[in-house]
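Data file: structure19.csv. Format and content: CSV, C-alpha atoms.
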chain,number,residue,atom,x,y,z
K,1,MET,CA,-15.2,-9.8,-5.2
K,2,GLN,CA,-18.6,-8.3,-4.5
K,3,LEU,CA,-18.3,-9.1,-0.8
K,4,HIS,CA,-14.7,-7.8,-0.9
K,5,HIS,CA,-15.9,-4.5,-2.4
K,6,SER,CA,-19.1,-4.0,-0.5
K,7,LYS,CA,-17.8,-5.0,2.9
K,8,HIS,CA,-14.1,-4.7,3.2
K,9,HIS,CA,-13.4,-1.6,1.0
K,10,ALA,CA,-16.5,0.1,2.5
K,11,THR,CA,-15.2,-0.5,6.0
K,12,TYR,CA,-11.9,1.2,5.2
K,13,VAL,CA,-13.8,4.2,3.7
K,14,ASN,CA,-16.2,4.5,6.7
K,15,ASN,CA,-13.3,4.2,9.2
K,16,LEU,CA,-11.2,6.7,7.3
K,17,ASN,CA,-14.1,9.2,7.4
K,18,VAL,CA,-14.4,8.8,11.2
K,19,ALA,CA,-10.6,9.2,11.6
K,20,GLU,CA,-10.6,12.3,9.4
K,21,GLU,CA,-13.4,13.9,11.4
K,22,LYS,CA,-11.6,13.3,14.6
K,23,TYR,CA,-8.3,14.6,13.1
K,24,LYS,CA,-10.1,17.8,11.9
K,25,GLU,CA,-11.4,18.4,15.4
K,26,ALA,CA,-7.9,17.8,16.9
K,27,LEU,CA,-6.4,20.3,14.4
K,28,ALA,CA,-9.0,22.9,15.3
K,29,LYS,CA,-8.2,22.4,19.0
K,30,GLY,CA,-4.5,22.3,18.5
K,31,ASP,CA,-4.5,18.9,20.1
K,32,VAL,CA,-1.2,17.5,18.8
K,33,THR,CA,-1.4,14.3,21.0
K,34,THR,CA,-4.7,13.3,19.4
K,35,GLN,CA,-3.4,14.2,15.9
K,36,VAL,CA,-0.4,11.8,16.5
K,37,SER,CA,-2.6,9.1,18.0
K,38,LEU,CA,-4.8,9.1,14.9
K,39,GLN,CA,-1.9,8.6,12.4
K,40,PRO,CA,-2.2,4.7,12.5
K,41,ALA,CA,-5.9,4.8,11.7
K,42,LEU,CA,-5.4,7.3,8.9
K,43,LYS,CA,-2.6,5.3,7.4
K,44,PHE,CA,-4.4,1.9,7.7
K,45,ASN,CA,-7.8,3.0,6.5
K,46,GLY,CA,-6.6,5.7,4.1
K,47,GLY,CA,-4.2,3.1,2.6
K,48,GLY,CA,-7.0,0.5,2.4
K,49,HIS,CA,-9.1,3.0,0.5
K,50,ILE,CA,-6.3,4.1,-1.8
K,51,ASN,CA,-5.1,0.6,-2.5
K,52,HIS,CA,-8.6,-0.8,-3.2
K,53,SER,CA,-9.5,2.2,-5.4
K,54,ILE,CA,-6.5,1.3,-7.6
K,55,PHE,CA,-7.2,-2.5,-7.4
K,56,TRP,CA,-10.8,-2.3,-8.7
K,57,THR,CA,-9.7,-0.3,-11.8
K,58,ASN,CA,-6.8,-2.7,-12.4
K,59,LEU,CA,-9.3,-5.6,-12.9
K,60,SER,CA,-11.7,-6.3,-15.7
K,61,PRO,CA,-13.7,-9.3,-16.7
K,62,ASN,CA,-12.3,-8.7,-20.2
K,63,GLY,CA,-8.7,-8.4,-18.9
K,64,GLY,CA,-5.8,-10.7,-19.1
K,65,GLY,CA,-3.3,-11.3,-21.8
K,66,GLU,CA,-0.3,-8.9,-22.0
K,67,PRO,CA,0.0,-5.2,-22.2
K,68,LYS,CA,0.9,-3.4,-25.4
K,69,GLY,CA,2.8,-0.4,-26.5
K,70,GLU,CA,4.9,1.7,-24.2
K,71,LEU,CA,4.1,-0.2,-21.1
K,72,MET,CA,5.2,-3.5,-22.7
K,73,GLU,CA,8.4,-1.9,-23.9
K,74,ALA,CA,9.1,-0.7,-20.4
K,75,ILE,CA,8.4,-4.1,-18.9
K,76,LYS,CA,10.8,-5.7,-21.4
K,77,ARG,CA,13.5,-3.0,-20.7
K,78,ASP,CA,13.2,-3.3,-16.9
K,79,PHE,CA,12.5,-7.0,-16.4
K,80,GLY,CA,13.8,-8.7,-19.6
K,81,SER,CA,10.4,-10.0,-20.7
K,82,PHE,CA,6.8,-10.1,-19.7
K,83,ALA,CA,7.2,-13.7,-18.4
K,84,ASN,CA,10.1,-12.5,-16.1
K,85,PHE,CA,8.0,-9.6,-14.9
K,86,LYS,CA,5.0,-11.8,-14.2
K,87,GLU,CA,7.1,-14.3,-12.4
K,88,LYS,CA,8.8,-11.7,-10.2
K,89,LEU,CA,5.6,-9.9,-9.3
K,90,THR,CA,3.9,-13.2,-8.5
K,91,ALA,CA,6.8,-14.3,-6.3
K,92,VAL,CA,6.9,-11.0,-4.4
K,93,SER,CA,3.1,-11.2,-3.9
K,94,VAL,CA,3.2,-14.9,-2.7
K,95,GLY,CA,6.0,-13.9,-0.4
K,96,VAL,CA,4.1,-11.2,1.5
K,97,GLN,CA,4.1,-12.4,5.1
K,98,GLY,CA,0.6,-12.1,6.5
K,99,SER,CA,-1.5,-9.5,4.7
K,100,GLY,CA,-0.4,-6.9,2.2
K,101,TRP,CA,0.0,-6.0,-1.5
K,102,GLY,CA,2.2,-6.8,-4.4
K,103,TRP,CA,2.8,-3.8,-6.7
K,104,LEU,CA,4.2,-2.7,-10.0
K,105,GLY,CA,5.2,0.9,-9.5
K,106,TYR,CA,7.0,3.6,-11.4
K,107,ASN,CA,10.2,5.1,-9.9
K,108,LYS,CA,10.0,8.7,-11.3
K,109,GLU,CA,13.6,9.5,-10.2
K,110,GLN,CA,15.0,6.6,-12.1
K,111,GLY,CA,12.4,6.5,-14.9
K,112,ARG,CA,12.0,2.8,-14.4
K,113,LEU,CA,9.4,0.2,-13.4
K,114,GLN,CA,9.9,-1.4,-10.0
K,115,ILE,CA,8.2,-4.3,-8.1
K,116,ALA,CA,7.5,-3.9,-4.4
K,117,ALA,CA,5.5,-5.3,-1.6
K,118,CYS,CA,3.7,-3.4,1.1
K,119,ALA,CA,2.5,-4.8,4.4
K,120,ASN,CA,-1.1,-4.5,5.6
K,121,GLN,CA,-2.7,-1.5,3.9
K,122,ASP,CA,0.4,0.6,3.5
K,123,PRO,CA,-0.1,2.7,0.4
K,124,LEU,CA,2.7,2.2,-2.2
K,125,GLN,CA,3.4,5.9,-3.0
K,126,GLY,CA,3.2,7.1,0.6
K,127,THR,CA,5.5,4.4,2.0
K,128,THR,CA,8.0,3.8,-0.9
K,129,GLY,CA,7.7,6.9,-3.2
K,130,LEU,CA,6.8,4.6,-6.2
K,131,ILE,CA,3.8,5.6,-8.2
K,132,PRO,CA,1.3,2.7,-8.2
K,133,LEU,CA,0.4,1.2,-11.6
K,134,LEU,CA,-0.8,-2.3,-10.7
K,135,GLY,CA,-1.7,-3.5,-7.2
K,136,ILE,CA,-2.5,-7.1,-6.2
K,137,ASP,CA,-4.3,-7.5,-2.9
K,138,VAL,CA,-3.0,-10.5,-1.1
K,139,TRP,CA,-5.0,-10.2,2.1
K,140,GLU,CA,-6.9,-13.4,2.6
K,141,HIS,CA,-10.2,-11.5,2.3
K,142,ALA,CA,-9.4,-11.0,-1.4
K,143,TYR,CA,-9.4,-14.6,-2.2
K,144,TYR,CA,-10.4,-16.9,0.7
K,145,LEU,CA,-14.0,-17.6,-0.5
K,146,GLN,CA,-12.8,-18.9,-3.8
K,147,TYR,CA,-9.2,-20.1,-3.2
K,148,LYS,CA,-9.3,-20.8,0.5
K,149,ASN,CA,-5.8,-20.2,1.9
K,150,VAL,CA,-4.0,-21.1,-1.4
K,151,ARG,CA,-2.5,-17.7,-2.3
K,152,PRO,CA,-0.5,-19.1,-5.3
K,153,ASP,CA,-3.7,-20.3,-7.0
K,154,TYR,CA,-5.3,-16.9,-6.6
K,155,LEU,CA,-2.2,-15.2,-8.0
K,156,LYS,CA,-2.1,-17.6,-11.0
K,157,ALA,CA,-5.7,-16.7,-11.7
K,158,ILE,CA,-5.5,-12.9,-11.2
K,159,TRP,CA,-3.5,-12.5,-14.3
K,160,ASN,CA,-6.6,-13.5,-16.3
K,161,VAL,CA,-8.4,-10.3,-15.2
K,162,ILE,CA,-5.7,-7.7,-15.2
K,163,ASN,CA,-6.9,-4.6,-17.0
K,164,TRP,CA,-3.8,-3.7,-19.0
K,165,GLU,CA,-5.5,-0.6,-20.5
K,166,ASN,CA,-5.9,0.8,-17.0
K,167,VAL,CA,-2.3,0.0,-16.1
K,168,SER,CA,-1.0,1.5,-19.4
K,169,SER,CA,-3.0,4.6,-18.8
K,170,ARG,CA,-1.6,5.0,-15.3
K,171,TYR,CA,1.9,4.5,-16.7
K,172,ALA,CA,1.4,7.2,-19.4
K,173,THR,CA,0.0,9.6,-16.8
K,174,CYS,CA,2.8,9.2,-14.3
K,175,LYS,CA,5.5,9.8,-17.0
K,176,LYS,CA,4.1,13.3,-17.8

Spit out the file's structure as structure tokens when you get a sec.
Amino acid sequence: MQLHHSKHHATYVNNLNVAEEKYKEALAKGDVTTQVSLQPALKFNGGGHINHSIFWTNLSPNGGGEPKGELMEAIKRDFGSFANFKEKLTAVSVGVQGSGWGWLGYNKEQGRLQIAACANQDPLQGTTGLIPLLGIDVWEHAYYLQYKNVRPDYLKAIWNVINWENVSSRYATCKK
């Protein structure tokens, strides 16, 4: 994960900074063509930064187990049980074709938890409207050094480091 953080996440941040500077210049010049052409770089690198910023806080060496309190009650209400939730999020994450993310999000309109997948570095809220609570990076760079190309093994292990306090805090915040 150190390589993942120091190389991959840093690259998204650096490339986002470059794209934002170019976008700022295009805005100042009224150059709409350049503004439009920069949208994919802003989405990809901005999404990479947003997603990874959530991912790092969702992990803890003291993580694992199950959530408590209000979050656990919402998981039981919306998925039947923690085991069902875990199975569904794992299945969605395994099923991402190519690179992307598995997510637990909050649907503010419905007042319910929802599972979703996003391709590449598409940010959950910006592409689905769901508020991100828990993100699982399923790009190979997230797990290749330790798990090779066996995504299911990585996903089985990731549950041992989920920081449920962080996820619960995100849940409480988005309900306000």

**Study point:** Two-atom distance - CA of Ala142 (chain K), CA of Trp56 (chain K) (Å)
**Key:**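 Interatomic distance, CA of Ala142 (chain K) to CA of Trp56 (chain K): 11.4 Å.
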
Exercise for review: Could you please give me, as a list in words, the residues of protein, DNA or RNA lying at most 6 Å from (-1.0, -7.6, 7.5) in the coordinate frame of the file, considering all atoms listed in the file?
Suggested key: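 Residues close enough to count: Gly98, Ser99, Gly100, Ala119 and Asn120 of chain K.
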
Practice item. Find the residues with any atom within 8 Å of (-5.4, -1.1, 1.4); use all atoms listed in the file and the coordinates as given in the file, and write the answer as an NGL selection string. Key: :K and (12 or 44-52 or 100-101 or 120-123 or 137)

Any chance you can output those residues with C-alpha atoms as a compact mmCIF listing (two decimals), keeping the file's coordinate frame?
# COMPACT_ATOMS: atom_id res chain seq x y z
CA TYR K 12 -11.90 1.20 5.20
CA PHE K 44 -4.40 1.90 7.70
CA ASN K 45 -7.80 3.00 6.50
CA GLY K 46 -6.60 5.70 4.10
CA GLY K 47 -4.20 3.10 2.60
CA GLY K 48 -7.00 0.50 2.40
CA HIS K 49 -9.10 3.00 0.50
CA ILE K 50 -6.30 4.10 -1.80
CA ASN K 51 -5.10 0.60 -2.50
CA HIS K 52 -8.60 -0.80 -3.20
CA GLY K 100 -0.40 -6.90 2.20
CA TRP K 101 0.00 -6.00 -1.50
CA ASN K 120 -1.10 -4.50 5.60
CA GLN K 121 -2.70 -1.50 3.90
CA ASP K 122 0.40 0.60 3.50
CA PRO K 123 -0.10 2.70 0.40
CA ASP K 137 -4.30 -7.50 -2.90

Check your understanding: Which is closer to Ala74 (chain K) than all the others in K:Ile131, K:Leu38, K:Leu113, K:Ala28, using all atoms listed in the file?
Key ->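 Of the candidates, the smallest distance to Ala74 (chain K) is held by K:Leu113.
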
Exercise for review: Between CA of Lys22 (chain K) and CA of His8 (chain K), measure the distance and give it in Å to one decimal.
Suggested key: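 Atom-to-atom, CA of Lys22 (chain K) and CA of His8 (chain K) are spaced 21.5 Å apart.
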
**Study point:** Separation of CA of Gln35 (chain K) from CA of Ala116 (chain K), in Å and rounded to one decimal
**Key:**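 So the two atoms, CA of Gln35 (chain K) and CA of Ala116 (chain K), lie 29.3 Å apart.
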
Practice item. Find the spatial neighbours of Glu140 (chain K), counting only C-alpha atoms, within a cut-off of 12 Å - ignore same-chain residues fewer than 4 positions away - and output them as a VMD selection string. Key: chain K and resid 1 4 8 94 96 to 101 120 136 144 to 152 154 to 155

Point to revise | Closest of K:Phe82, K:Tyr23, K:Tyr171, K:Phe55 to Gly105 (chain K) - atom-to-atom distances counting all atoms listed in the file | key: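 Among the listed residues, K:Tyr171 lies closest to Gly105 (chain K).
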
If I wrap all listed atoms of region 5-24 of chain K in a box with edges along x, y and z and add 5 Å on each side, what are its centre and edge lengths in Å to one decimal, as AutoDock Vina command-line options?
--center_x -13.7 --center_y 6.4 --center_z 6.1 --size_x 20.8 --size_y 32.8 --size_z 27.0

Listing only residues of region 29-100 of chain K within 12 Å of region 156-170 of chain K, what is the closest atom pair and its distance in Å (to one decimal) for each, using all atoms listed in the file, sorted by chain and residue number ascending, as a Markdown table?
| residue | atom | partner | partner_atom | distance |
| --- | --- | --- | --- | --- |
| K:Ile54 | CA | K:Asn166 | CA | 9.4 |
| K:Phe55 | CA | K:Ile162 | CA | 9.5 |
| K:Trp56 | CA | K:Asn163 | CA | 9.5 |
| K:Thr57 | CA | K:Asn166 | CA | 6.5 |
| K:Asn58 | CA | K:Asn163 | CA | 5.0 |
| K:Leu59 | CA | K:Ile162 | CA | 4.8 |
| K:Ser60 | CA | K:Val161 | CA | 5.2 |
| K:Pro61 | CA | K:Val161 | CA | 5.6 |
| K:Asn62 | CA | K:Val161 | CA | 6.5 |
| K:Gly63 | CA | K:Val161 | CA | 4.2 |
| K:Gly64 | CA | K:Asn160 | CA | 4.0 |
| K:Gly65 | CA | K:Asn160 | CA | 6.8 |
| K:Glu66 | CA | K:Trp164 | CA | 6.9 |
| K:Pro67 | CA | K:Trp164 | CA | 5.2 |
| K:Lys68 | CA | K:Trp164 | CA | 7.9 |
| K:Gly69 | CA | K:Ser168 | CA | 8.3 |
| K:Glu70 | CA | K:Ser168 | CA | 7.6 |
| K:Leu71 | CA | K:Ser168 | CA | 5.6 |
| K:Met72 | CA | K:Ser168 | CA | 8.6 |
| K:Glu73 | CA | K:Ser168 | CA | 11.0 |
| K:Ala74 | CA | K:Ser168 | CA | 10.4 |
| K:Ile75 | CA | K:Ser168 | CA | 11.0 |
| K:Phe82 | CA | K:Trp159 | CA | 11.9 |
| K:Ala83 | CA | K:Trp159 | CA | 11.5 |
| K:Phe85 | CA | K:Trp159 | CA | 11.9 |
| K:Lys86 | CA | K:Trp159 | CA | 8.5 |
| K:Glu87 | CA | K:Lys156 | CA | 9.9 |
| K:Leu89 | CA | K:Trp159 | CA | 10.7 |
| K:Thr90 | CA | K:Lys156 | CA | 7.8 |
| K:Ala91 | CA | K:Lys156 | CA | 10.6 |
| K:Ser93 | CA | K:Lys156 | CA | 10.9 |
| K:Val94 | CA | K:Lys156 | CA | 10.2 |

Region 75-91 of chain K rebuilt with N, CA, C and O atoms, output as a short mmCIF file (atom, residue, chain, number, x, y, z; two decimals), in the coordinates of the input:
data_model
loop_
_atom_site.label_atom_id
_atom_site.label_comp_id
_atom_site.auth_asym_id
_atom_site.auth_seq_id
_atom_site.Cartn_x
_atom_site.Cartn_y
_atom_site.Cartn_z
N ILE K 75 8.33 -2.83 -19.63
CA ILE K 75 8.40 -4.10 -18.90
C ILE K 75 9.61 -4.92 -19.48
O ILE K 75 10.42 -5.46 -18.72
N LYS K 76 9.73 -4.98 -20.79
CA LYS K 76 10.80 -5.70 -21.40
C LYS K 76 12.19 -5.09 -21.01
O LYS K 76 13.15 -5.79 -20.70
N ARG K 77 12.24 -3.75 -21.02
CA ARG K 77 13.50 -3.00 -20.70
C ARG K 77 13.88 -3.32 -19.22
O ARG K 77 15.03 -3.60 -18.92
N ASP K 78 12.89 -3.24 -18.31
CA ASP K 78 13.20 -3.30 -16.90
C ASP K 78 13.20 -4.70 -16.28
O ASP K 78 13.78 -4.91 -15.21
N PHE K 79 12.57 -5.66 -16.96
CA PHE K 79 12.50 -7.00 -16.40
C PHE K 79 12.98 -8.10 -17.40
O PHE K 79 12.99 -9.28 -17.06
N GLY K 80 13.32 -7.72 -18.60
CA GLY K 80 13.80 -8.70 -19.60
C GLY K 80 12.73 -9.23 -20.49
O GLY K 80 12.93 -9.39 -21.68
N SER K 81 11.58 -9.52 -19.91
CA SER K 81 10.40 -10.00 -20.70
C SER K 81 9.19 -9.95 -19.83
O SER K 81 9.26 -9.76 -18.60
N PHE K 82 8.05 -10.08 -20.47
CA PHE K 82 6.80 -10.10 -19.70
C PHE K 82 6.74 -11.30 -18.80
O PHE K 82 6.30 -11.18 -17.65
N ALA K 83 7.21 -12.44 -19.26
CA ALA K 83 7.20 -13.70 -18.40
C ALA K 83 8.05 -13.44 -17.15
O ALA K 83 7.63 -13.83 -16.06
N ASN K 84 9.22 -12.81 -17.29
CA ASN K 84 10.10 -12.50 -16.10
C ASN K 84 9.34 -11.57 -15.15
O ASN K 84 9.37 -11.76 -13.93
N PHE K 85 8.73 -10.53 -15.70
CA PHE K 85 8.00 -9.60 -14.90
C PHE K 85 6.88 -10.29 -14.11
O PHE K 85 6.74 -10.13 -12.89
N LYS K 86 6.09 -11.08 -14.81
CA LYS K 86 5.00 -11.80 -14.20
C LYS K 86 5.45 -12.73 -13.09
O LYS K 86 4.87 -12.77 -12.00
N GLU K 87 6.53 -13.42 -13.36
CA GLU K 87 7.10 -14.30 -12.40
C GLU K 87 7.58 -13.59 -11.13
O GLU K 87 7.34 -14.01 -10.00
N LYS K 88 8.25 -12.44 -11.33
CA LYS K 88 8.80 -11.70 -10.20
C LYS K 88 7.67 -11.05 -9.37
O LYS K 88 7.72 -11.09 -8.14
N LEU K 89 6.66 -10.47 -10.03
CA LEU K 89 5.60 -9.90 -9.30
C LEU K 89 4.77 -10.95 -8.52
O LEU K 89 4.37 -10.75 -7.37
N THR K 90 4.58 -12.09 -9.15
CA THR K 90 3.90 -13.20 -8.50
C THR K 90 4.69 -13.66 -7.27
O THR K 90 4.13 -13.85 -6.19
N ALA K 91 6.00 -13.82 -7.42
CA ALA K 91 6.80 -14.30 -6.30
C ALA K 91 6.84 -13.30 -5.15
O ALA K 91 6.72 -13.70 -3.98
#
